[in-house]
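Here's data08.cif, which has mmCIF, C-alpha atoms:
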```cif
data_start
#
loop_
_atom_site.label_atom_id
_atom_site.label_comp_id
_atom_site.auth_asym_id
_atom_site.auth_seq_id
_atom_site.Cartn_x
_atom_site.Cartn_y
_atom_site.Cartn_z
CA MET A 152 -36.40 33.87 -41.08
CA LYS A 153 -40.15 34.02 -41.14
CA ILE A 154 -40.45 30.24 -41.22
CA ALA A 155 -38.09 29.97 -38.31
CA HIS A 156 -40.39 32.23 -36.37
CA PHE A 157 -43.28 29.84 -36.81
CA THR A 158 -41.29 26.66 -36.16
CA LEU A 159 -41.90 25.10 -32.81
CA PRO A 160 -38.96 25.30 -30.46
CA ILE A 161 -38.85 21.48 -30.20
CA LEU A 162 -37.88 21.20 -33.88
CA LYS A 163 -34.93 23.46 -33.31
CA ASP A 164 -33.76 21.43 -30.37
CA ARG A 165 -30.59 19.60 -31.26
CA ARG A 166 -30.46 17.43 -28.16
CA SER A 167 -31.14 13.67 -28.23
CA ILE A 168 -30.58 13.36 -31.98
CA ALA A 169 -28.98 9.93 -31.63
CA ALA A 170 -31.84 8.66 -29.49
CA VAL A 171 -34.46 9.86 -31.94
CA GLU A 172 -32.61 8.36 -34.91
CA PHE A 173 -32.25 5.08 -33.06
CA ALA A 174 -35.97 5.07 -32.28
CA LEU A 175 -36.73 5.66 -35.96
CA VAL A 176 -34.43 2.95 -37.29
CA MET A 177 -35.09 0.33 -34.62
CA PRO A 178 -38.54 -0.84 -35.79
CA ILE A 179 -37.23 -1.43 -39.32
CA LEU A 180 -34.19 -3.29 -38.02
CA LEU A 181 -36.34 -5.36 -35.70
CA VAL A 182 -38.70 -6.39 -38.50
CA LEU A 183 -35.73 -7.34 -40.70
CA PHE A 184 -34.17 -9.28 -37.85
CA ILE A 185 -37.26 -11.27 -36.84
CA GLY A 186 -38.21 -11.73 -40.48
CA THR A 187 -34.83 -13.30 -41.26
CA ILE A 188 -35.21 -15.77 -38.40
CA GLU A 189 -38.76 -16.57 -39.47
CA ILE A 190 -37.83 -17.28 -43.10
CA LEU A 191 -34.84 -19.38 -42.05
CA THR A 192 -37.00 -21.42 -39.69
CA LEU A 193 -39.60 -21.82 -42.40
CA TYR A 194 -37.08 -23.30 -44.82
CA ARG A 195 -35.59 -25.51 -42.14
CA THR A 196 -39.05 -26.85 -41.29
CA GLU A 197 -39.59 -27.68 -44.94
CA ALA A 198 -36.20 -29.39 -45.20
CA LYS A 199 -37.00 -31.44 -42.10
CA LEU A 200 -40.39 -32.45 -43.49
CA ASN A 201 -38.84 -33.50 -46.81
CA ALA A 202 -36.22 -35.64 -45.07
CA MET A 203 -38.90 -37.14 -42.81
CA THR A 204 -41.09 -38.14 -45.76
CA ILE A 205 -38.24 -40.00 -47.44
CA ASN A 206 -37.35 -41.71 -44.16
CA VAL A 207 -40.96 -42.83 -43.66
CA ALA A 208 -40.93 -44.37 -47.13
CA GLN A 209 -37.69 -46.18 -46.30
CA MET A 210 -39.02 -47.41 -42.97
CA VAL A 211 -42.15 -48.81 -44.62
CA ALA A 212 -40.08 -50.41 -47.38
CA VAL A 213 -38.05 -52.65 -45.05
CA GLN A 214 -41.04 -53.92 -43.09
CA ASN A 215 -42.29 -57.47 -43.24
CA GLN A 216 -45.20 -57.87 -45.54
CA ALA A 217 -48.25 -59.05 -43.72
CA THR A 218 -50.74 -60.43 -46.18
CA THR A 219 -54.36 -59.46 -45.90
CA ASN A 220 -56.65 -60.73 -48.63
CA GLY A 221 -53.64 -61.42 -50.79
CA ILE A 222 -52.37 -57.86 -50.49
CA SER A 223 -49.06 -57.08 -48.88
CA SER A 224 -49.16 -54.34 -46.34
CA VAL A 225 -47.86 -53.27 -42.97
CA PRO A 226 -50.26 -53.39 -40.00
CA ALA A 227 -51.92 -50.00 -39.73
CA THR A 228 -51.98 -49.59 -35.98
CA GLY A 229 -50.06 -50.73 -32.94
CA THR A 230 -47.43 -48.78 -31.08
CA SER A 231 -45.64 -51.71 -29.48
CA GLU A 232 -44.80 -53.35 -32.77
CA ALA A 233 -43.76 -52.30 -36.23
CA SER A 234 -46.83 -50.75 -37.78
CA LEU A 235 -47.59 -47.75 -39.91
CA GLN A 236 -48.75 -45.91 -36.81
CA ASN A 237 -45.51 -46.75 -35.03
CA ILE A 238 -43.47 -45.59 -38.02
CA CYS A 239 -45.45 -42.31 -37.99
CA GLN A 240 -44.67 -41.99 -34.29
CA GLY A 241 -40.98 -42.55 -34.97
CA ALA A 242 -40.99 -40.08 -37.83
CA LEU A 243 -42.12 -37.35 -35.45
CA LEU A 244 -38.88 -37.85 -33.52
CA GLY A 245 -36.99 -37.02 -36.69
CA LEU A 246 -39.04 -33.88 -37.20
CA ALA A 247 -37.91 -32.51 -33.82
CA PRO A 248 -37.48 -29.80 -32.64
CA PHE A 249 -40.41 -28.78 -34.82
CA PRO A 250 -43.81 -29.86 -33.56
CA GLY A 251 -45.60 -32.35 -35.77
CA SER A 252 -49.01 -31.38 -34.46
CA GLY A 253 -51.43 -30.87 -37.33
CA MET A 254 -49.38 -32.95 -39.76
CA THR A 255 -51.07 -35.49 -41.99
CA LEU A 256 -49.23 -38.54 -43.24
CA LYS A 257 -50.62 -40.74 -45.99
CA ILE A 258 -49.04 -44.03 -46.94
CA ALA A 259 -50.23 -46.21 -49.83
CA GLY A 260 -48.97 -49.27 -51.64
CA VAL A 261 -49.82 -50.34 -55.18
CA THR A 262 -49.03 -53.69 -56.81
CA LEU A 263 -49.63 -54.69 -60.37
CA GLU A 264 -51.30 -58.08 -60.30
CA SER A 265 -49.43 -60.99 -61.72
CA SER A 266 -51.70 -62.07 -64.49
CA PRO A 267 -54.96 -60.30 -64.72
CA GLN A 268 -56.56 -62.45 -67.36
CA GLY A 269 -55.11 -65.89 -67.03
CA ALA A 270 -52.32 -68.13 -65.87
CA PRO A 271 -48.88 -66.80 -66.92
CA THR A 272 -47.78 -70.04 -68.52
CA THR A 273 -50.64 -70.39 -70.96
CA SER A 274 -51.53 -66.93 -72.13
CA LYS A 275 -50.10 -63.51 -72.47
CA ALA A 276 -49.36 -62.29 -69.03
CA TYR A 277 -50.26 -58.68 -69.35
CA SER A 278 -51.47 -58.07 -72.79
CA THR A 279 -54.88 -57.15 -71.59
CA GLY A 280 -56.07 -54.61 -69.05
CA ARG A 281 -54.07 -54.26 -65.90
CA SER A 282 -55.40 -54.76 -62.43
CA TYR A 283 -53.89 -53.29 -59.29
CA ASP A 284 -53.95 -54.14 -55.63
CA VAL A 285 -53.98 -51.06 -53.42
CA TRP A 286 -53.78 -50.51 -49.69
CA GLU A 287 -53.62 -47.29 -47.77
CA GLY A 288 -53.00 -46.13 -44.22
CA ASP A 289 -53.55 -42.50 -43.23
CA PHE A 290 -52.60 -40.71 -40.05
CA SER A 291 -53.08 -37.35 -38.49
CA VAL A 292 -50.92 -35.97 -35.73
CA SER A 293 -52.39 -34.28 -32.72
CA GLY A 294 -49.98 -33.06 -30.07
CA SER A 295 -47.23 -35.65 -30.27
CA SER A 296 -49.25 -38.72 -31.17
CA CYS A 297 -50.25 -40.24 -34.49
CA SER A 298 -53.75 -41.57 -34.87
CA ALA A 299 -55.16 -43.47 -37.82
CA THR A 300 -57.74 -41.73 -39.96
CA SER A 301 -60.11 -43.31 -42.41
CA SER A 302 -58.49 -44.08 -45.74
CA SER A 303 -61.89 -43.75 -47.39
CA SER A 304 -62.18 -40.08 -46.52
CA THR A 305 -61.92 -37.44 -49.23
CA SER A 306 -58.53 -36.29 -47.94
CA ALA A 307 -57.04 -39.75 -48.50
CA ILE A 308 -54.87 -40.52 -51.53
CA GLY A 309 -57.54 -42.94 -52.74
CA ALA A 310 -57.14 -46.17 -54.69
CA SER A 311 -57.49 -44.69 -58.17
CA ASN A 312 -55.19 -41.77 -57.40
CA ALA A 313 -52.60 -44.15 -55.97
CA GLU A 314 -52.75 -46.26 -59.13
CA THR A 315 -52.31 -43.21 -61.32
CA LEU A 316 -49.42 -41.87 -59.23
CA ALA A 317 -47.64 -45.22 -59.40
CA THR A 318 -48.06 -45.60 -63.14
CA THR A 319 -47.30 -42.17 -64.51
CA SER A 320 -43.99 -40.42 -64.89
CA PRO A 321 -43.57 -37.93 -63.36
CA PRO A 322 -46.16 -39.08 -60.82
CA SER A 323 -49.35 -37.12 -61.31
CA THR A 324 -52.96 -37.78 -60.49
CA SER A 325 -54.03 -36.15 -63.75
CA GLY A 326 -52.04 -38.57 -65.92
CA THR A 327 -53.28 -41.68 -67.69
CA VAL A 328 -53.10 -44.88 -65.67
CA GLY A 329 -50.57 -47.46 -66.80
CA THR A 330 -48.48 -45.29 -69.11
CA ALA A 331 -45.14 -45.34 -67.26
CA GLY A 332 -43.84 -45.02 -63.75
CA LEU A 333 -42.90 -47.59 -61.16
CA LEU A 334 -45.16 -50.45 -62.21
CA ALA A 335 -43.66 -51.72 -65.44
CA VAL A 336 -44.05 -55.46 -65.18
CA PRO A 337 -46.54 -57.64 -63.30
CA CYS A 338 -45.91 -57.88 -59.56
CA ASP A 339 -44.02 -54.59 -59.55
CA ASN A 340 -44.98 -52.51 -56.60
CA ALA A 341 -44.77 -48.95 -55.35
CA ILE A 342 -45.01 -47.33 -51.95
CA ILE A 343 -46.31 -43.78 -51.92
CA VAL A 344 -45.86 -41.47 -48.94
CA GLN A 345 -47.41 -38.02 -48.77
CA ALA A 346 -46.92 -35.64 -45.86
CA SER A 347 -48.29 -32.19 -45.30
CA LEU A 348 -47.56 -29.79 -42.48
CA THR A 349 -48.68 -26.25 -41.87
CA TYR A 350 -45.77 -24.12 -40.70
CA PRO A 351 -46.62 -23.05 -37.17
CA GLY A 352 -44.59 -19.81 -37.17
CA ILE A 353 -42.47 -18.38 -34.40
CA LEU A 354 -44.22 -15.24 -33.23
CA GLY A 355 -46.83 -14.63 -35.87
CA VAL A 356 -45.71 -11.03 -36.31
CA ILE A 357 -44.21 -11.32 -39.78
CA LEU A 358 -46.12 -14.12 -41.50
CA HIS A 359 -49.85 -13.67 -41.28
CA SER A 360 -50.76 -16.56 -43.53
CA ARG A 361 -49.14 -19.85 -42.64
CA PRO A 362 -47.82 -21.78 -45.62
CA THR A 363 -48.55 -25.51 -45.83
CA PHE A 364 -45.71 -27.73 -46.97
CA THR A 365 -46.40 -30.93 -48.83
CA GLN A 366 -43.93 -33.57 -49.84
CA ALA A 367 -44.22 -36.96 -51.50
CA ALA A 368 -41.80 -39.88 -51.65
CA TYR A 369 -41.90 -43.03 -53.77
CA THR A 370 -40.13 -46.29 -53.15
CA ARG A 371 -40.52 -50.06 -53.46
CA TRP A 372 -40.57 -52.91 -51.00
CA ARG A 373 -36.99 -53.80 -50.12
CA TYR A 374 -37.68 -57.49 -49.72
CA ALA A 375 -39.12 -58.57 -52.96
CA GLY A 376 -38.73 -62.12 -54.17
CA THR A 377 -38.50 -62.95 -57.81
CA GLN A 378 -41.22 -64.65 -59.72
CA GLU A 379 -40.89 -66.04 -63.19
CA GLU A 380 -43.38 -64.53 -65.51
CA LEU A 381 -44.19 -65.19 -69.12
CA GLN A 382 -44.18 -61.77 -70.66
CA CYS A 383 -45.44 -61.18 -74.13
CA SER A 384 -44.99 -58.35 -76.51
CA GLY A 385 -46.91 -58.66 -79.75
CA THR A 386 -46.56 -62.33 -80.70
CA ALA A 387 -43.25 -63.01 -78.96
CA CYS A 388 -43.31 -64.35 -75.42
CA PHE A 389 -40.37 -64.82 -73.08
CA ALA A 390 -39.79 -65.88 -69.49
CA SER A 391 -38.73 -63.02 -67.29
CA ASN A 392 -38.00 -62.60 -63.60
CA ALA A 393 -40.15 -59.95 -62.02
CA THR A 394 -39.37 -58.66 -58.56
CA THR A 395 -42.40 -59.14 -56.46
CA GLN A 396 -43.94 -58.78 -53.11
CA VAL A 397 -46.77 -61.15 -52.31
CA CYS A 398 -48.42 -61.01 -55.64
CA ASN A 399 -51.66 -62.54 -56.81
CA ASN A 400 -54.02 -62.73 -59.68
CA THR A 401 -57.22 -62.12 -57.81
CA ASN A 402 -58.59 -58.69 -57.95
CA THR A 403 -59.27 -58.39 -54.25
CA ALA A 404 -58.30 -54.90 -53.43
CA ASN A 405 -59.77 -52.58 -55.86
CA MET B 788 -15.23 20.82 9.82
CA LYS B 789 -18.57 22.34 9.00
CA LYS B 790 -16.86 24.93 6.90
CA PHE B 791 -14.90 22.26 5.09
CA ILE B 792 -18.03 20.29 4.15
CA GLN B 793 -19.85 23.41 3.07
CA LYS B 794 -16.92 24.41 0.90
CA TYR B 795 -16.68 21.11 -0.92
CA THR B 796 -20.41 20.51 -1.22
CA SER B 797 -20.82 23.78 -2.97
CA LYS B 798 -17.83 22.98 -5.19
CA ILE B 799 -19.27 19.60 -6.28
CA PHE B 800 -22.66 21.21 -6.84
CA PHE B 801 -21.05 23.87 -8.96
CA LEU B 802 -19.18 21.26 -11.00
CA THR B 803 -22.28 19.12 -11.59
CA LYS B 804 -24.31 22.10 -12.56
CA ASN B 805 -21.67 23.03 -15.10
CA LEU B 806 -21.53 19.51 -16.59
CA CYS B 807 -25.29 19.32 -16.92
CA SER B 808 -25.54 22.55 -18.79
CA GLU B 809 -22.55 21.69 -20.97
CA THR B 810 -23.72 21.12 -24.58
CA LYS B 811 -20.44 20.34 -26.33
CA ALA B 812 -20.14 16.71 -27.59
CA ASP B 813 -23.68 15.94 -26.55
CA THR B 814 -24.16 13.75 -29.63
CA ALA B 815 -21.17 11.68 -28.61
CA VAL B 816 -22.58 11.27 -25.12
CA GLU B 817 -25.96 10.26 -26.49
CA PHE B 818 -24.36 7.77 -28.85
CA ALA B 819 -22.48 6.28 -25.93
CA ILE B 820 -25.82 5.63 -24.24
CA ILE B 821 -27.84 4.54 -27.28
CA GLY B 822 -24.85 2.79 -28.89
CA ALA B 823 -24.72 0.26 -26.05
CA ALA B 824 -28.24 -0.90 -26.90
CA PHE B 825 -27.49 -0.68 -30.61
CA PHE B 826 -24.36 -2.83 -30.46
CA LEU B 827 -26.10 -5.34 -28.21
CA PHE B 828 -28.67 -5.68 -30.97
CA ILE B 829 -25.98 -6.09 -33.64
CA PHE B 830 -24.21 -8.74 -31.57
CA GLY B 831 -27.58 -10.47 -31.18
CA ILE B 832 -27.76 -10.72 -34.97
CA PHE B 833 -24.25 -12.20 -35.05
CA VAL B 834 -25.09 -14.78 -32.40
CA ILE B 835 -28.34 -15.88 -34.01
CA SER B 836 -26.68 -16.03 -37.42
CA ILE B 837 -23.87 -18.26 -36.29
CA ASP B 838 -26.27 -20.48 -34.35
CA MET B 839 -28.46 -20.92 -37.40
CA PHE B 840 -25.44 -21.65 -39.57
CA TRP B 841 -24.28 -24.24 -37.05
CA GLN B 842 -27.76 -25.73 -36.86
CA MET B 843 -27.95 -26.24 -40.60
CA THR B 844 -24.43 -27.68 -40.75
CA LEU B 845 -25.30 -29.97 -37.83
CA ASP B 846 -28.50 -31.15 -39.55
CA ASP B 847 -26.52 -31.99 -42.66
CA ALA B 848 -23.66 -33.62 -40.75
CA VAL B 849 -26.06 -35.76 -38.72
CA ARG B 850 -27.94 -36.81 -41.85
CA ASN B 851 -24.68 -37.84 -43.53
CA ALA B 852 -23.39 -39.64 -40.43
CA THR B 853 -26.75 -41.42 -40.13
CA ARG B 854 -26.34 -42.65 -43.67
CA GLN B 855 -22.95 -44.07 -42.72
CA VAL B 856 -24.62 -45.87 -39.80
CA GLN B 857 -27.39 -47.14 -42.09
CA ILE B 858 -25.03 -48.73 -44.56
CA GLY B 859 -22.82 -50.23 -41.86
CA ASN B 860 -19.75 -48.01 -42.21
CA VAL B 861 -20.13 -46.61 -38.70
CA THR B 862 -20.55 -49.22 -35.99
CA THR B 863 -19.38 -47.49 -32.80
CA GLY B 864 -20.19 -44.32 -30.90
CA SER B 865 -16.72 -42.85 -31.39
CA ALA B 866 -16.87 -43.55 -35.12
CA PHE B 867 -20.23 -41.77 -35.18
CA VAL B 868 -18.73 -38.71 -33.44
CA THR B 869 -15.87 -38.73 -35.93
CA ALA B 870 -18.35 -38.88 -38.79
CA VAL B 871 -20.43 -35.97 -37.48
CA CYS B 872 -17.44 -33.85 -36.48
CA GLY B 873 -15.71 -34.50 -39.80
CA GLU B 874 -18.22 -32.07 -41.26
CA PHE B 875 -19.60 -30.14 -38.30
CA GLY B 876 -16.23 -29.80 -36.52
CA LEU B 877 -14.91 -27.62 -39.32
CA VAL B 878 -17.20 -24.80 -38.26
CA ALA B 879 -18.01 -25.50 -34.59
CA PRO B 880 -15.37 -25.51 -31.86
CA ASN B 881 -14.67 -28.58 -29.72
CA CYS B 882 -17.20 -30.73 -31.58
CA ALA B 883 -15.67 -34.07 -30.59
CA GLY B 884 -15.37 -33.03 -26.96
CA THR B 885 -18.91 -31.81 -26.37
CA LEU B 886 -21.12 -33.65 -28.86
CA GLN B 887 -23.83 -35.72 -27.18
CA TYR B 888 -25.40 -38.55 -29.13
CA SER B 889 -27.92 -41.33 -28.84
CA VAL B 890 -27.99 -43.81 -31.70
CA GLN B 891 -30.41 -46.69 -31.25
CA GLY B 892 -31.65 -49.52 -33.41
CA GLY B 893 -34.72 -51.66 -32.80
CA ALA B 894 -37.78 -53.31 -34.28
CA TYR B 895 -40.14 -50.44 -33.42
CA PHE B 896 -40.35 -47.12 -31.58
CA GLY B 897 -41.47 -47.47 -27.99
CA THR B 898 -40.85 -49.41 -24.80
CA GLY B 899 -39.11 -52.69 -25.60
CA GLY B 900 -37.93 -51.33 -28.94
CA ILE B 901 -36.25 -47.97 -29.44
CA THR B 902 -36.71 -45.84 -26.32
CA THR B 903 -35.51 -42.45 -27.39
CA THR B 904 -33.31 -40.53 -25.00
CA SER B 905 -34.99 -37.54 -23.42
CA PHE B 906 -33.63 -34.11 -24.21
CA SER B 907 -33.77 -31.94 -21.11
CA SER B 908 -34.55 -28.24 -20.94
CA SER B 909 -30.93 -27.66 -19.92
CA GLY B 910 -29.95 -28.94 -23.36
CA ASN B 911 -28.56 -32.35 -22.42
CA LEU B 912 -29.41 -35.84 -23.59
CA ALA B 913 -30.23 -38.14 -20.66
CA SER B 914 -27.63 -40.69 -21.78
CA PRO B 915 -25.25 -38.71 -23.97
CA GLN B 916 -23.12 -41.57 -25.32
CA THR B 917 -25.58 -44.22 -26.45
CA PHE B 918 -24.90 -46.48 -29.40
CA THR B 919 -27.01 -49.62 -29.08
CA GLY B 920 -28.96 -52.15 -31.08
CA VAL B 921 -27.51 -51.03 -34.38
CA THR B 922 -27.60 -54.09 -36.60
CA ALA B 923 -28.31 -54.49 -40.27
CA THR B 924 -31.81 -55.25 -41.41
CA SER B 925 -32.16 -58.85 -42.55
CA ALA B 926 -35.00 -60.55 -44.36
CA GLY B 927 -37.98 -60.73 -42.06
CA ALA B 928 -36.24 -58.74 -39.30
CA PRO B 929 -36.37 -55.05 -40.10
CA VAL B 930 -34.37 -52.71 -37.89
CA LEU B 931 -35.43 -49.11 -37.43
CA LEU B 932 -32.95 -46.44 -36.40
CA SER B 933 -33.20 -43.37 -34.22
CA VAL B 934 -30.39 -40.82 -34.10
CA GLN B 935 -30.37 -37.88 -31.68
CA VAL B 936 -27.55 -35.39 -31.38
CA ALA B 937 -27.11 -32.39 -29.05
CA TYR B 938 -24.36 -29.80 -29.22
CA PRO B 939 -24.14 -27.34 -26.31
CA ILE B 940 -23.41 -23.87 -27.66
CA PRO B 941 -19.90 -22.99 -26.48
CA PHE B 942 -20.62 -19.33 -25.73
CA LYS B 943 -23.54 -17.18 -24.75
CA VAL B 944 -24.46 -13.57 -25.26
CA LEU B 945 -26.87 -12.54 -22.57
CA SER B 946 -28.93 -10.33 -24.85
CA VAL B 947 -30.03 -13.42 -26.75
CA PRO B 948 -31.69 -16.12 -24.65
CA GLY B 949 -30.13 -19.50 -25.49
CA GLY B 950 -33.50 -21.06 -26.25
CA VAL B 951 -34.27 -18.46 -28.90
CA ALA B 952 -30.97 -18.78 -30.70
CA THR B 953 -31.22 -22.58 -30.93
CA GLU B 954 -34.93 -22.64 -31.83
CA ASN B 955 -35.67 -25.44 -29.39
CA GLY B 956 -35.89 -23.71 -26.03
CA THR B 957 -32.59 -25.06 -24.74
CA PRO B 958 -29.00 -23.80 -24.85
CA SER B 959 -28.00 -26.71 -27.14
CA LEU B 960 -28.41 -27.32 -30.83
CA TYR B 961 -30.45 -30.45 -31.48
CA SER B 962 -30.78 -32.62 -34.53
CA ALA B 963 -32.57 -35.92 -34.94
CA VAL B 964 -33.25 -38.47 -37.65
CA ALA B 965 -35.58 -41.48 -37.61
CA THR B 966 -35.00 -43.98 -40.38
CA GLU B 967 -34.16 -47.64 -41.02
CA MET B 968 -31.05 -49.81 -41.18
CA GLU B 969 -30.21 -50.92 -44.66
CA PRO B 970 -30.03 -54.67 -45.35
#
```

Could you take the file, read its structure, and then write that structure out as structure tokens?
Amino acid sequence: MKIAHFTLPILKDRRSIAAVEFALVMPILLVLFIGTIEILTLYRTEAKLNAMTINVAQMVAVQNQATTNGISSVPATGTSEASLQNICQGALLGLAPFPGSGMTLKIAGVTLESSPQGAPTTSKAYSTGRSYDVWEGDFSVSGSSCSATSSSSTSAIGASNAETLATTSPPSTSGTVGTAGLLAVPCDNAIIVQASLTYPGILGVILHSRPTFTQAAYTRWRYAGTQEELQCSGTACFASNATTQVCNNTNTAN
Amino acid sequence: MKKFIQKYTSKIFFLTKNLCSETKADTAVEFAIIGAAFFLFIFGIFVISIDMFWQMTLDDAVRNATRQVQIGNVTTGSAFVTAVCGEFGLVAPNCAGTLQYSVQGGAYFGTGGITTTSFSSSGNLASPQTFTGVTATSAGAPVLLSVQVAYPIPFKVLSVPGGVATENGTPSLYSAVATEMEP
């Protein structure tokens, strides 16, 4: 009874209970609601980026191989022809409705040279150290357009990293070059695509730090010819058909 | 006449005064007021949930249909709709009737190659039944592929703006893929 005497009249008021309860619960519900949408969108963005990366790798793989200094590659720039830049531009269409602004796309190709230390018919084709031809094209997206960035910058994949990624299994830059992976026989080749995108967020009320998604895809040139190689293991040598892109024995790239 | 008005005015006033000071079932009355907002919110959750579910199913259906186009199983617009709606139509009403699509093949993205169909703010593709230039890649002649699909949401709940529910600012779900034609 004494406590009741000291209680403010407003606390004894039984009116508007539903309204007050609603006001208490609403903020929690709202956070749950917006948070659910945010997380769903986040995962969808990641799924879209993953699909896009694989599609970029496929688009590069079917291109004609233009040969520069004996290295097969796709022209880096040009938006009115098939080029890496044009493929990047097309890939953004597949990322829609999510904006690609801020995305980086790195594309590299690695080929194991045909016979690093001599002509295939007279000596062991790859019994000695391996040599690789590497090319790279990097792009960054601003607004809705892809522009080429220097492949010599620190953010690029880099020739030695590309070689390691192509010749380790699973692909890792910390592995030992030439142990496994895509480049098993001379003239084998690998295309490496790496994409990274920082999730832009919907409202910015739930996620304060924006996660960055990265995804990599590996493939080979689709149009590889075959080249007969003399491949030796120990003392035994045998003729073998290796699938090849334009493949040389001059160490021009690296 | 004056007397009549006076009589009834005072009666209505008396009645209103009584209702206002009536405290029985006040919680029920409050819930009727607050509940409207509350249920609108709950329905908003339903609408967004089903839109997101549709969006993910549509993404998957378009990706699978695109694969069928890539490998040459789907060569016409109607076959493409059948392929998408075979999966998406199980959950979304009137898929075959309302699905808009633009499937284009070409050597590159841009004028003279693949000119992608614009997707308007009203949620429509500029040319909603496009299926052109889709040929297999052959040696030395690579063909790239662009697939765009829009599905206008068949119903709206006014508490949820259409552009929010579909995540793209329009009242239609949208899904797109850019890839290549297989040899």

inquiry  = Could you tell me, as a ChimeraX atom specification, exactly which residues end up selected when the PyMOL selection byres ((chain B and resi 966) around 12) is applied to this structure?
reply    = /A:202-214,238-246 /B:850,853-854,856-858,890-896,901,921,924,929-935,963-965,967-969

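Between B:Pro970 and the residues A:Ile185, A:Ile343, A:Pro178, A:Arg373, the shortest atom-to-atom distance, using all atoms listed in the file, involves A:Arg373.
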
request  = Would you please work out which residue, of B:Thr917, B:Asn851, B:Ser905, B:Thr898, is nearest to chain A when using all atoms listed in the file?
outcome  = B:Thr898

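Of the listed residues (A:Ile342, A:Ala198, A:Val182, A:Leu193), A:Ile342 comes nearest to A:Val261; the distances count all atoms listed in the file.
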
task = Mind checking which residues fall within 8 Å of B:Pro939, counting only C-alpha atoms, ignoring those fewer than 4 positions away in the same chain, and posting them as a ChimeraX atom specification?
result = /B:885-886,910-911,958-960
